[in-house]
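J.: One file: model-v6.txt (compact mmCIF, C-alpha atoms and all ligand atoms).
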# COMPACT_ATOMS: atom_id res chain seq x y z
CA MET Y 1 -24.00 -2.94 24.65
CA GLN Y 2 -27.78 -2.36 24.78
CA GLY Y 3 -29.33 -1.39 21.48
CA PHE Y 4 -26.04 -1.57 19.63
CA SER Y 5 -24.88 -4.38 17.42
CA LYS Y 6 -21.36 -4.50 16.08
CA ARG Y 7 -21.00 -4.63 12.31
CA ALA Y 8 -19.24 -7.61 10.81
CA ASP Y 9 -16.74 -5.73 8.66
CA PHE Y 10 -14.22 -3.05 9.58
CA LEU Y 11 -15.05 0.47 8.38
CA PRO Y 12 -11.73 2.16 7.57
CA PHE Y 13 -11.26 5.85 8.20
CA SER Y 14 -10.52 6.40 4.50
CA ARG Y 15 -10.60 4.47 1.25
CA PRO Y 16 -9.83 5.75 -2.26
CA THR Y 17 -12.56 5.68 -4.93
CA ILE Y 18 -11.02 3.60 -7.71
CA ARG Y 19 -13.41 2.73 -10.55
CA GLN Y 20 -13.20 0.71 -13.75
CA VAL Y 21 -12.35 3.88 -15.68
CA GLU Y 22 -9.10 4.35 -13.69
CA ILE Y 23 -8.27 0.66 -14.00
CA ASP Y 24 -8.78 0.74 -17.79
CA GLU Y 25 -6.62 3.86 -18.13
CA VAL Y 26 -3.80 2.27 -16.10
CA VAL Y 27 -3.98 -0.84 -18.27
CA ALA Y 28 -3.98 1.26 -21.45
CA THR Y 29 -0.94 3.14 -20.11
CA LEU Y 30 0.88 -0.10 -19.38
CA GLN Y 31 0.12 -1.32 -22.87
CA SER Y 32 1.09 1.97 -24.52
CA GLY Y 33 4.81 1.47 -24.11
CA TRP Y 34 5.13 4.73 -22.14
CA ILE Y 35 4.71 4.38 -18.38
CA THR Y 36 6.82 7.16 -16.85
CA THR Y 37 6.45 10.94 -17.43
CA GLY Y 38 4.91 11.42 -20.86
CA PRO Y 39 1.74 12.40 -22.67
CA ARG Y 40 -0.65 11.52 -19.85
CA ALA Y 41 1.37 13.50 -17.27
CA GLU Y 42 1.34 16.46 -19.66
CA ARG Y 43 -2.42 16.17 -20.11
CA PHE Y 44 -2.95 15.91 -16.36
CA GLU Y 45 -0.97 19.11 -15.76
CA LYS Y 46 -3.04 20.97 -18.37
CA GLU Y 47 -6.29 19.74 -16.85
CA PHE Y 48 -5.18 20.56 -13.31
CA ALA Y 49 -4.26 24.07 -14.50
CA ALA Y 50 -7.71 24.45 -16.08
CA TYR Y 51 -9.42 23.15 -12.94
CA THR Y 52 -7.57 25.35 -10.46
CA GLY Y 53 -7.04 28.37 -12.71
CA PHE Y 54 -3.28 28.54 -12.07
CA PRO Y 55 -1.23 28.81 -15.27
CA HIS Y 56 1.80 26.75 -14.21
CA VAL Y 57 1.33 23.28 -12.77
CA LEU Y 58 4.15 20.84 -12.01
CA ALA Y 59 2.93 17.36 -11.22
CA LEU Y 60 5.31 15.59 -8.85
CA SER Y 61 6.02 12.34 -7.05
CA SER Y 62 4.52 13.77 -3.82
CA ALA Y 63 3.54 16.97 -2.06
CA THR Y 64 6.58 16.50 0.17
CA ALA Y 65 8.77 16.70 -2.95
CA GLY Y 66 6.92 19.90 -3.85
CA LEU Y 67 7.57 21.41 -0.43
CA HIS Y 68 11.25 20.51 -0.80
CA ILE Y 69 11.90 22.05 -4.21
CA GLY Y 70 9.40 24.84 -3.58
CA LEU Y 71 11.31 26.03 -0.52
CA LEU Y 72 14.59 25.70 -2.42
CA ALA Y 73 13.27 27.74 -5.34
CA LEU Y 74 11.95 30.42 -2.97
CA GLY Y 75 15.54 30.74 -1.81
CA LEU Y 76 15.28 29.33 1.72
CA ARG Y 77 18.71 29.41 3.33
CA PRO Y 78 20.06 27.99 6.60
CA GLY Y 79 18.89 30.06 9.55
CA ASP Y 80 15.88 31.53 7.71
CA GLU Y 81 12.67 31.37 9.73
CA VAL Y 82 9.43 30.08 8.23
CA ILE Y 83 6.12 30.51 10.01
CA THR Y 84 3.66 27.63 9.97
CA THR Y 85 1.12 25.73 12.06
CA PRO Y 86 1.91 22.83 14.39
CA ILE Y 87 -1.35 21.13 13.33
CA THR Y 88 -0.07 19.76 10.03
CA TRP Y 89 1.53 16.65 8.69
CA ALA Y 90 5.22 16.52 9.64
CA ALA Y 91 6.28 16.92 5.98
CA THR Y 92 5.47 20.64 6.07
CA VAL Y 93 7.95 21.19 8.88
CA ASN Y 94 10.41 18.46 7.87
CA MET Y 95 11.14 20.21 4.57
CA ILE Y 96 11.84 23.54 6.29
CA GLU Y 97 14.17 21.70 8.64
CA ALA Y 98 15.80 19.60 5.91
CA LEU Y 99 16.98 22.80 4.20
CA GLY Y 100 18.38 24.24 7.43
CA GLY Y 101 15.44 26.59 7.88
CA VAL Y 102 13.95 27.23 11.30
CA PRO Y 103 10.24 26.46 11.80
CA VAL Y 104 8.34 29.06 13.80
CA PHE Y 105 4.96 27.88 15.03
CA VAL Y 106 1.80 29.92 15.35
CA ASP Y 107 -0.94 28.46 17.52
CA VAL Y 108 -4.29 27.42 16.04
CA ARG Y 109 -7.86 28.53 16.75
CA ARG Y 110 -9.67 26.25 19.16
CA ASP Y 111 -12.82 25.86 17.08
CA ASP Y 112 -11.50 25.09 13.58
CA LEU Y 113 -7.80 24.31 14.27
CA GLN Y 114 -6.61 26.66 11.52
CA MET Y 115 -3.49 28.75 12.20
CA ASP Y 116 -4.69 31.82 14.09
CA PRO Y 117 -3.64 34.89 12.05
CA ARG Y 118 -3.98 37.08 15.16
CA HIS Y 119 -0.73 35.54 16.41
CA LEU Y 120 1.21 36.10 13.19
CA ALA Y 121 2.60 39.51 14.08
CA ALA Y 122 4.13 38.16 17.30
CA ALA Y 123 5.92 35.39 15.36
CA LEU Y 124 7.81 37.76 13.05
CA THR Y 125 11.52 38.38 13.53
CA PRO Y 126 14.16 39.93 11.27
CA ARG Y 127 14.97 36.41 10.06
CA THR Y 128 11.41 35.59 8.93
CA VAL Y 129 11.32 34.91 5.17
CA GLY Y 130 7.94 33.31 4.55
CA ILE Y 131 4.71 31.74 5.74
CA ILE Y 132 3.35 28.26 5.00
CA PRO Y 133 -0.38 28.32 5.78
CA VAL Y 134 -2.08 24.92 5.75
CA HIS Y 135 -5.64 24.69 4.41
CA TYR Y 136 -6.53 22.22 7.11
CA ALA Y 137 -9.21 19.52 6.68
CA GLY Y 138 -10.54 21.02 3.43
CA ALA Y 139 -11.34 24.51 4.76
CA ALA Y 140 -9.52 27.54 3.39
CA CYS Y 141 -7.22 29.60 5.58
CA ASN Y 142 -8.09 33.25 6.08
CA MET Y 143 -5.84 34.30 3.20
CA ASP Y 144 -6.68 38.01 3.40
CA LEU Y 145 -5.27 38.26 6.90
CA ILE Y 146 -2.23 36.13 6.05
CA SER Y 147 -1.47 38.02 2.84
CA LYS Y 148 -1.77 41.35 4.63
CA VAL Y 149 1.02 40.39 7.05
CA ALA Y 150 3.11 38.85 4.25
CA CYS Y 151 2.76 41.91 2.01
CA ALA Y 152 3.54 44.36 4.79
CA LYS Y 153 6.75 42.46 5.65
CA GLY Y 154 7.82 41.35 2.16
CA LEU Y 155 7.42 37.65 2.95
CA TRP Y 156 6.51 34.92 0.50
CA VAL Y 157 3.47 32.70 1.08
CA PHE Y 158 3.71 29.04 0.11
CA GLU Y 159 0.30 27.40 0.60
CA ASP Y 160 0.18 23.82 1.81
CA ALA Y 161 -3.01 22.81 0.02
CA ALA Y 162 -2.47 19.06 0.50
CA HIS Y 163 -6.10 18.89 1.71
CA GLY Y 164 -7.25 21.52 -0.72
CA VAL Y 165 -8.20 20.13 -4.13
CA GLY Y 166 -11.58 21.80 -4.72
CA THR Y 167 -11.33 24.23 -1.78
CA ARG Y 168 -12.15 27.82 -2.67
CA TYR Y 169 -11.54 31.07 -0.86
CA LYS Y 170 -13.78 33.97 -1.89
CA GLY Y 171 -14.61 32.11 -5.09
CA ARG Y 172 -10.99 31.40 -6.11
CA HIS Y 173 -9.35 28.01 -5.91
CA VAL Y 174 -6.87 27.87 -3.03
CA GLY Y 175 -3.18 27.22 -3.66
CA CYS Y 176 -1.67 30.34 -5.06
CA ASP Y 177 -2.90 33.62 -3.68
CA ASP Y 178 0.76 34.62 -3.63
CA ARG Y 179 3.85 32.81 -4.97
CA LEU Y 180 3.39 29.08 -4.71
CA GLY Y 181 1.18 26.27 -3.51
CA VAL Y 182 1.31 22.50 -3.25
CA PHE Y 183 -1.35 19.76 -3.47
CA SER Y 184 -1.17 16.08 -2.50
CA PHE Y 185 -2.66 13.09 -4.29
CA HIS Y 186 -1.86 10.56 -1.57
CA PRO Y 187 -4.60 7.89 -1.24
CA ILE Y 188 -6.32 9.56 1.71
CA LYS Y 189 -6.61 12.96 0.00
CA ASN Y 190 -9.59 14.31 -1.97
CA MET Y 191 -8.30 12.70 -5.16
CA THR Y 192 -5.47 10.24 -5.60
CA THR Y 193 -2.78 9.11 -7.99
CA GLY Y 194 -1.39 6.52 -5.55
CA GLU Y 195 1.41 8.82 -4.54
CA GLY Y 196 1.69 12.22 -6.14
CA GLY Y 197 1.41 15.95 -5.77
CA ALA Y 198 1.52 19.19 -7.71
CA LEU Y 199 3.02 22.63 -7.36
CA VAL Y 200 1.11 25.62 -8.73
CA THR Y 201 2.33 29.13 -9.45
CA ARG Y 202 1.61 32.13 -11.64
CA ASP Y 203 5.31 32.99 -11.90
CA GLU Y 204 6.81 31.70 -15.12
CA ASP Y 205 10.46 32.06 -14.04
CA LEU Y 206 9.75 30.27 -10.78
CA ALA Y 207 8.00 27.50 -12.74
CA ARG Y 208 11.02 27.09 -15.03
CA HIS Y 209 13.40 26.87 -12.07
CA LEU Y 210 11.09 24.34 -10.39
CA ARG Y 211 10.96 22.17 -13.52
CA ALA Y 212 14.75 21.93 -13.49
CA LEU Y 213 14.76 21.11 -9.76
CA ARG Y 214 12.08 18.47 -10.35
CA PHE Y 215 14.06 16.55 -12.91
CA HIS Y 216 17.84 16.24 -12.64
CA GLY Y 217 18.42 19.95 -13.21
CA LEU Y 218 17.62 19.66 -16.89
CA GLU Y 219 16.94 22.89 -18.68
CA LYS Y 220 14.81 21.46 -21.47
CA GLN Y 221 12.42 18.74 -20.52
CA ALA Y 222 11.27 16.90 -23.56
CA TRP Y 223 9.91 13.65 -22.20
CA ASN Y 224 10.02 12.36 -25.76
CA ARG Y 225 13.73 12.91 -26.23
CA TYR Y 226 14.11 9.20 -26.94
CA ALA Y 227 11.26 9.19 -29.42
CA GLU Y 228 11.51 9.71 -33.13
CA GLY Y 229 12.48 13.30 -33.85
CA GLY Y 230 13.69 13.90 -30.28
CA THR Y 231 17.29 14.68 -29.43
CA PRO Y 232 19.03 12.61 -26.76
CA GLN Y 233 21.33 15.56 -25.78
CA VAL Y 234 20.51 17.22 -22.46
CA GLU Y 235 21.97 20.08 -20.40
CA VAL Y 236 22.20 20.06 -16.62
CA ILE Y 237 21.91 23.63 -15.29
CA LEU Y 238 21.69 22.85 -11.56
CA PRO Y 239 21.88 19.83 -9.23
CA GLY Y 240 18.23 18.78 -9.44
CA PHE Y 241 16.21 15.97 -7.92
CA LYS Y 242 14.04 13.24 -9.37
CA TYR Y 243 10.52 14.11 -8.36
CA ASN Y 244 8.73 13.58 -11.67
CA PHE Y 245 5.18 12.26 -12.08
CA MET Y 246 4.61 9.04 -14.02
CA ASP Y 247 2.03 8.51 -16.74
CA LEU Y 248 0.85 5.61 -14.59
CA GLN Y 249 0.01 8.15 -11.88
CA ALA Y 250 -1.56 10.50 -14.43
CA ALA Y 251 -3.74 7.63 -15.66
CA LEU Y 252 -5.40 7.67 -12.25
CA GLY Y 253 -5.23 11.44 -11.88
CA ILE Y 254 -7.02 12.34 -15.11
CA HIS Y 255 -10.15 10.46 -14.04
CA GLN Y 256 -9.89 11.37 -10.37
CA LEU Y 257 -9.69 15.07 -11.26
CA ALA Y 258 -12.71 14.77 -13.55
CA SER Y 259 -14.71 13.45 -10.59
CA VAL Y 260 -13.22 15.40 -7.70
CA ASP Y 261 -16.16 17.84 -7.48
CA GLU Y 262 -18.50 14.87 -7.26
CA PHE Y 263 -16.28 13.23 -4.59
CA ASN Y 264 -16.21 16.47 -2.59
CA ALA Y 265 -19.98 16.93 -2.88
CA ARG Y 266 -20.42 13.46 -1.43
CA ARG Y 267 -17.98 14.24 1.40
CA ARG Y 268 -20.03 17.34 2.19
CA GLU Y 269 -23.29 15.37 2.35
CA LEU Y 270 -21.80 12.81 4.69
CA ALA Y 271 -20.12 15.48 6.84
CA ASP Y 272 -23.43 17.35 7.12
CA LEU Y 273 -25.06 14.17 8.35
CA TYR Y 274 -22.30 13.72 10.95
CA ASP Y 275 -22.85 17.35 12.03
CA ARG Y 276 -26.56 16.72 12.56
CA LEU Y 277 -26.11 13.47 14.44
CA LEU Y 278 -23.19 14.64 16.59
CA ALA Y 279 -25.05 17.78 17.63
CA GLU Y 280 -26.71 15.45 20.14
CA VAL Y 281 -23.41 14.06 21.48
CA PRO Y 282 -21.97 16.96 23.49
CA GLU Y 283 -18.83 15.08 24.56
CA ILE Y 284 -17.66 14.92 20.93
CA GLU Y 285 -17.02 18.26 19.28
CA PRO Y 286 -16.67 18.46 15.48
CA LEU Y 287 -14.48 21.12 13.87
CA ALA Y 288 -16.25 24.43 13.42
CA LEU Y 289 -16.57 25.75 9.88
CA PRO Y 290 -14.82 29.11 9.41
CA ALA Y 291 -17.34 31.95 9.01
CA TYR Y 292 -15.56 33.76 6.14
CA ASP Y 293 -16.50 33.17 2.52
CA HIS Y 294 -15.03 29.86 1.36
CA PHE Y 295 -15.96 26.47 -0.07
CA HIS Y 296 -15.09 23.68 2.36
CA THR Y 297 -14.54 20.23 0.81
CA ARG Y 298 -14.80 18.43 4.17
CA HIS Y 299 -11.60 16.56 3.38
CA LEU Y 300 -11.36 15.24 6.95
CA TYR Y 301 -14.06 14.89 9.58
CA VAL Y 302 -12.10 15.79 12.69
CA VAL Y 303 -13.67 15.70 16.14
CA LYS Y 304 -12.30 16.53 19.57
CA VAL Y 305 -12.96 14.15 22.45
CA LEU Y 306 -13.82 16.68 25.15
CA GLU Y 307 -12.93 16.34 28.84
CA SER Y 308 -16.64 15.69 29.54
CA ALA Y 309 -16.34 12.34 27.69
CA GLY Y 310 -14.51 11.07 30.76
CA ILE Y 311 -12.08 9.07 28.59
CA ASP Y 312 -8.99 10.11 26.71
CA ARG Y 313 -8.70 10.17 22.93
CA ASP Y 314 -6.64 6.99 22.72
CA THR Y 315 -9.23 5.06 24.74
CA PHE Y 316 -11.93 6.49 22.47
CA ILE Y 317 -10.01 5.30 19.39
CA ALA Y 318 -9.50 1.83 20.91
CA ARG Y 319 -13.20 1.55 21.73
CA LEU Y 320 -14.20 2.54 18.20
CA ARG Y 321 -11.74 0.04 16.81
CA ALA Y 322 -13.32 -2.65 19.03
CA ARG Y 323 -16.60 -1.69 17.31
CA ASN Y 324 -15.03 -2.04 13.85
CA VAL Y 325 -14.59 1.67 13.20
CA GLY Y 326 -11.23 2.99 12.00
CA THR Y 327 -10.01 6.48 12.84
CA GLY Y 328 -7.01 8.69 12.08
CA ILE Y 329 -5.08 11.40 13.93
CA HIS Y 330 -4.64 14.60 11.89
CA PHE Y 331 -2.44 15.68 13.47
CA ARG Y 332 -0.23 15.30 16.48
CA ALA Y 333 1.18 18.80 16.94
CA VAL Y 334 4.52 18.65 15.13
CA HIS Y 335 6.48 20.48 17.84
CA THR Y 336 5.66 17.61 20.25
CA GLN Y 337 7.23 15.00 17.94
CA PRO Y 338 10.47 13.71 19.47
CA TYR Y 339 12.83 15.33 16.95
CA TYR Y 340 11.25 18.77 17.25
CA ALA Y 341 10.67 18.59 21.01
CA GLN Y 342 14.35 17.83 21.49
CA LYS Y 343 15.64 20.40 19.04
CA TYR Y 344 13.22 23.21 19.89
CA PRO Y 345 12.09 22.67 23.50
CA ARG Y 346 11.01 26.33 23.71
CA TRP Y 347 7.78 25.47 21.86
CA LEU Y 348 6.64 22.93 24.44
CA GLY Y 349 3.96 24.65 26.51
CA ALA Y 350 4.02 27.72 24.26
CA LEU Y 351 1.24 26.56 21.92
CA PRO Y 352 -1.54 25.67 24.37
CA VAL Y 353 -4.42 25.30 21.92
CA SER Y 354 -2.45 23.06 19.56
CA GLU Y 355 -1.25 20.90 22.45
CA TRP Y 356 -4.76 20.59 23.84
CA ALA Y 357 -6.18 19.67 20.41
CA SER Y 358 -3.28 17.35 19.62
CA GLU Y 359 -4.26 15.17 22.59
CA ARG Y 360 -7.99 15.22 21.83
CA LEU Y 361 -8.49 15.17 18.07
CA CYS Y 362 -9.39 12.22 15.93
CA SER Y 363 -10.66 11.81 12.35
CA LEU Y 364 -13.83 9.77 11.84
CA PRO Y 365 -14.38 7.71 8.68
CA LEU Y 366 -15.18 9.96 5.72
CA PHE Y 367 -14.82 8.97 2.07
CA PRO Y 368 -17.12 9.16 -0.95
CA LEU Y 369 -17.91 5.44 -1.05
CA MET Y 370 -19.38 5.50 2.45
CA SER Y 371 -23.13 5.26 2.91
CA GLU Y 372 -25.46 7.23 5.18
CA ASP Y 373 -25.87 3.99 7.12
CA ASP Y 374 -22.12 3.92 7.73
CA VAL Y 375 -22.28 7.42 9.22
CA GLN Y 376 -25.26 6.39 11.37
CA TYR Y 377 -23.28 3.36 12.48
CA VAL Y 378 -20.21 5.41 13.45
CA VAL Y 379 -22.31 7.74 15.58
CA ALA Y 380 -24.08 4.78 17.21
CA ALA Y 381 -20.66 3.25 17.92
CA ILE Y 382 -19.52 6.56 19.46
CA ARG Y 383 -22.58 6.70 21.72
CA ASP Y 384 -22.00 3.11 22.73
CA ALA Y 385 -18.28 3.70 23.36
CA LEU Y 386 -19.12 6.65 25.62
CA ARG Y 387 -21.74 4.60 27.50
CA GLU Y 388 -19.03 2.15 28.49
CA GLY Y 389 -17.89 4.74 31.05
CA LYS Y 390 -14.38 5.32 32.43
C1 LIG Y 401 -0.48 14.63 3.15
C2 LIG Y 401 0.11 15.93 3.54
C3 LIG Y 401 1.34 16.37 3.06
C4 LIG Y 401 2.27 15.49 2.29
O1 LIG Y 401 1.72 14.97 1.13
P1 LIG Y 401 2.47 13.77 0.37
O2 LIG Y 401 1.87 13.80 -0.99
O3 LIG Y 401 2.14 12.53 1.13
O4 LIG Y 401 3.92 14.06 0.38
C5 LIG Y 401 1.75 17.65 3.39
N1 LIG Y 401 1.01 18.45 4.15
C6 LIG Y 401 -0.18 18.06 4.66
C7 LIG Y 401 -0.99 19.01 5.49
C8 LIG Y 401 -0.66 16.77 4.38
O5 LIG Y 401 -1.81 16.36 4.92
Could you write out this file's structure as structure tokens?
T.:
Amino acid sequence: MQGFSKRADFLPFSRPTIRQVEIDEVVATLQSGWITTGPRAERFEKEFAAYTGFPHVLALSSATAGLHIGLLALGLRPGDEVITTPITWAATVNMIEALGGVPVFVDVRRDDLQMDPRHLAAALTPRTVGIIPVHYAGAACNMDLISKVACAKGLWVFEDAAHGVGTRYKGRHVGCDDRLGVFSFHPIKNMTTGEGGALVTRDEDLARHLRALRFHGLEKQAWNRYAEGGTPQVEVILPGFKYNFMDLQAALGIHQLASVDEFNARRRELADLYDRLLAEVPEIEPLALPAYDHFHTRHLYVVKVLESAGIDRDTFIARLRARNVGTGIHFRAVHTQPYYAQKYPRWLGALPVSEWASERLCSLPLFPLMSEDDVQYVVAAIRDALREGK
């Protein structure tokens, strides 16, 4: 290992930014006597609505919960086909499947791994009901092209914006160009509430239906029904779930949201540095940035380990780990996961770009608390790992 010295501590691929202000708010929440859905959750929803510009926000236990009740509220029925990308977290596809829907995959573009809208038309059938685009890695999807197809065919669009807090498309926050969108606040995302997510919509009736689905099917949702002046009587209007968002989560979320632009700006600085340094490592190809007008938050720094590296992705990951660098895989193409490969074998081999990328992609460490030196170290570790040969 000439010229390279291994750092003493492990650099994880992601780490949440939790400061004293979040800790104090959590403690204050614990001491307030109200820890589940209450005044802080309500405040968080208002602030998230103000930040994104979408009038109706439902904070939830996770983005997966949002995909579940979102698809239900959009009326997904068994046998309905939903178009999405294979390069997403399994939750996107699992929720289609859980409701008896049929996932239909559209291959991604080789350079930025976003769903390729040129293939949308070929994926349509008489059973197609909607499209779930995924704003992958913090970039925005090409919503104009997607909406054009959706409008022409009368399909809904439900945006998976799990990576998208802060992402803008043509100046507008992503999430709800059409009917519905969902965000995630899982610890690796742009901002975190531990676990958590949010649905956004402009449709008031849809929002009302979703609120009932979120919490036991209750029509009126006064969190303070046990408080003085509240009424303990409730009415169940449908068989709902229990996907509500706790004040303990909101305690984190309020301060995370207030800083998310700062977090994203820091991600962009670090990602730019990676771009500059990796330009001299031709075997490792970073994601391209889409050319259309959008604001990319650089949520993930995904690279592809090209054939010219002479080693496969898993060897690359093992060598980085041996040099105290953590990585992630975002994502293994969902149609190659055992459940989907067995149930829908027709997709195997039919999505060549996704399958190629699925074998070669890997996420390098990127989080706001990282230093420039950490980025320099990762790139030095990559060069050293490649020098090791086959
Ligand atoms: C993280 C993620 C989800 C699920 O989010 P949770 O809040 O963990 O349920 C869905 N889709 C994508 C693309 C994700 O990355």
J.: In terms of the shortest atom-to-atom distance over all atoms listed in the file, which of Y:Ile83, Y:Leu366, Y:Ala65, Y:Val165 is closest to Val102 of chain Y?
T.: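 Counting all atoms listed in the file, the residue closest to Val102 of chain Y is Y:Ile83.
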J.: Do you know which residues are within 8 Å of ligand LIG 401 (chain Y) using all atoms listed in the file? Can you write them as a short mmCIF file (atom, residue, chain, number, x, y, z; two decimals) with C-alpha atoms, in the coordinates of the input?
T.:
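Final output, pocket-v4.cif:
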data_model
loop_
_atom_site.label_atom_id
_atom_site.label_comp_id
_atom_site.auth_asym_id
_atom_site.auth_seq_id
_atom_site.Cartn_x
_atom_site.Cartn_y
_atom_site.Cartn_z
CA SER Y 61 6.02 12.34 -7.05
CA SER Y 62 4.52 13.77 -3.82
CA ALA Y 63 3.54 16.97 -2.06
CA THR Y 64 6.58 16.50 0.17
CA ALA Y 65 8.77 16.70 -2.95
CA GLY Y 66 6.92 19.90 -3.85
CA LEU Y 67 7.57 21.41 -0.43
CA THR Y 88 -0.07 19.76 10.03
CA TRP Y 89 1.53 16.65 8.69
CA ALA Y 90 5.22 16.52 9.64
CA ALA Y 91 6.28 16.92 5.98
CA THR Y 92 5.47 20.64 6.07
CA VAL Y 134 -2.08 24.92 5.75
CA HIS Y 135 -5.64 24.69 4.41
CA TYR Y 136 -6.53 22.22 7.11
CA ASP Y 160 0.18 23.82 1.81
CA ALA Y 161 -3.01 22.81 0.02
CA ALA Y 162 -2.47 19.06 0.50
CA HIS Y 163 -6.10 18.89 1.71
CA PHE Y 183 -1.35 19.76 -3.47
CA SER Y 184 -1.17 16.08 -2.50
CA PHE Y 185 -2.66 13.09 -4.29
CA HIS Y 186 -1.86 10.56 -1.57
CA ILE Y 188 -6.32 9.56 1.71
CA LYS Y 189 -6.61 12.96 0.00
CA GLU Y 195 1.41 8.82 -4.54
CA GLY Y 196 1.69 12.22 -6.14
CA GLY Y 197 1.41 15.95 -5.77
CA HIS Y 330 -4.64 14.60 11.89
#
J.: Using all atoms listed in the file, which residue out of Y:Ala122, Y:Val82, Y:Leu248, Y:Met191 lies closest to Val27 of chain Y?
T.: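 So, comparing all the options, the nearest one is Y:Leu248.
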J.: In Å, with one decimal, what is the gap from atom CA of Asp275 of chain Y to atom CA of Leu361 of chain Y?
T.: 15.7 Å
J.: Please indicate the distance in Å from atom CA of Ala152 of chain Y to atom CA of Cys176 of chain Y, rounded to one decimal place.
T.: 17.9 Å
J.: Residues of segment 120-140 of chain Y that have any atom at most 10 Å from an atom of segment 298-306 of chain Y: could you tabulate them with the shortest-distance atom pair and the distance in Å to one decimal, using all atoms listed in the file, ordered by chain and increasing number, as CSV?
T.:
residue,atom,partner,partner_atom,distance
Y:Tyr136,CA,Y:His299,CA,8.5
Y:Ala137,CA,Y:Leu300,CA,4.8
Y:Gly138,CA,Y:His299,CA,4.6
Y:Ala139,CA,Y:Arg298,CA,7.0
J.: Between Y:Leu252, Y:Leu155, Y:Ala265, Y:Leu287, which residue has the minimum interatomic distance to Pro16 of chain Y, considering all atoms listed in the file?
T.: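 Of the candidates, the smallest distance to Pro16 of chain Y is held by Y:Leu252.
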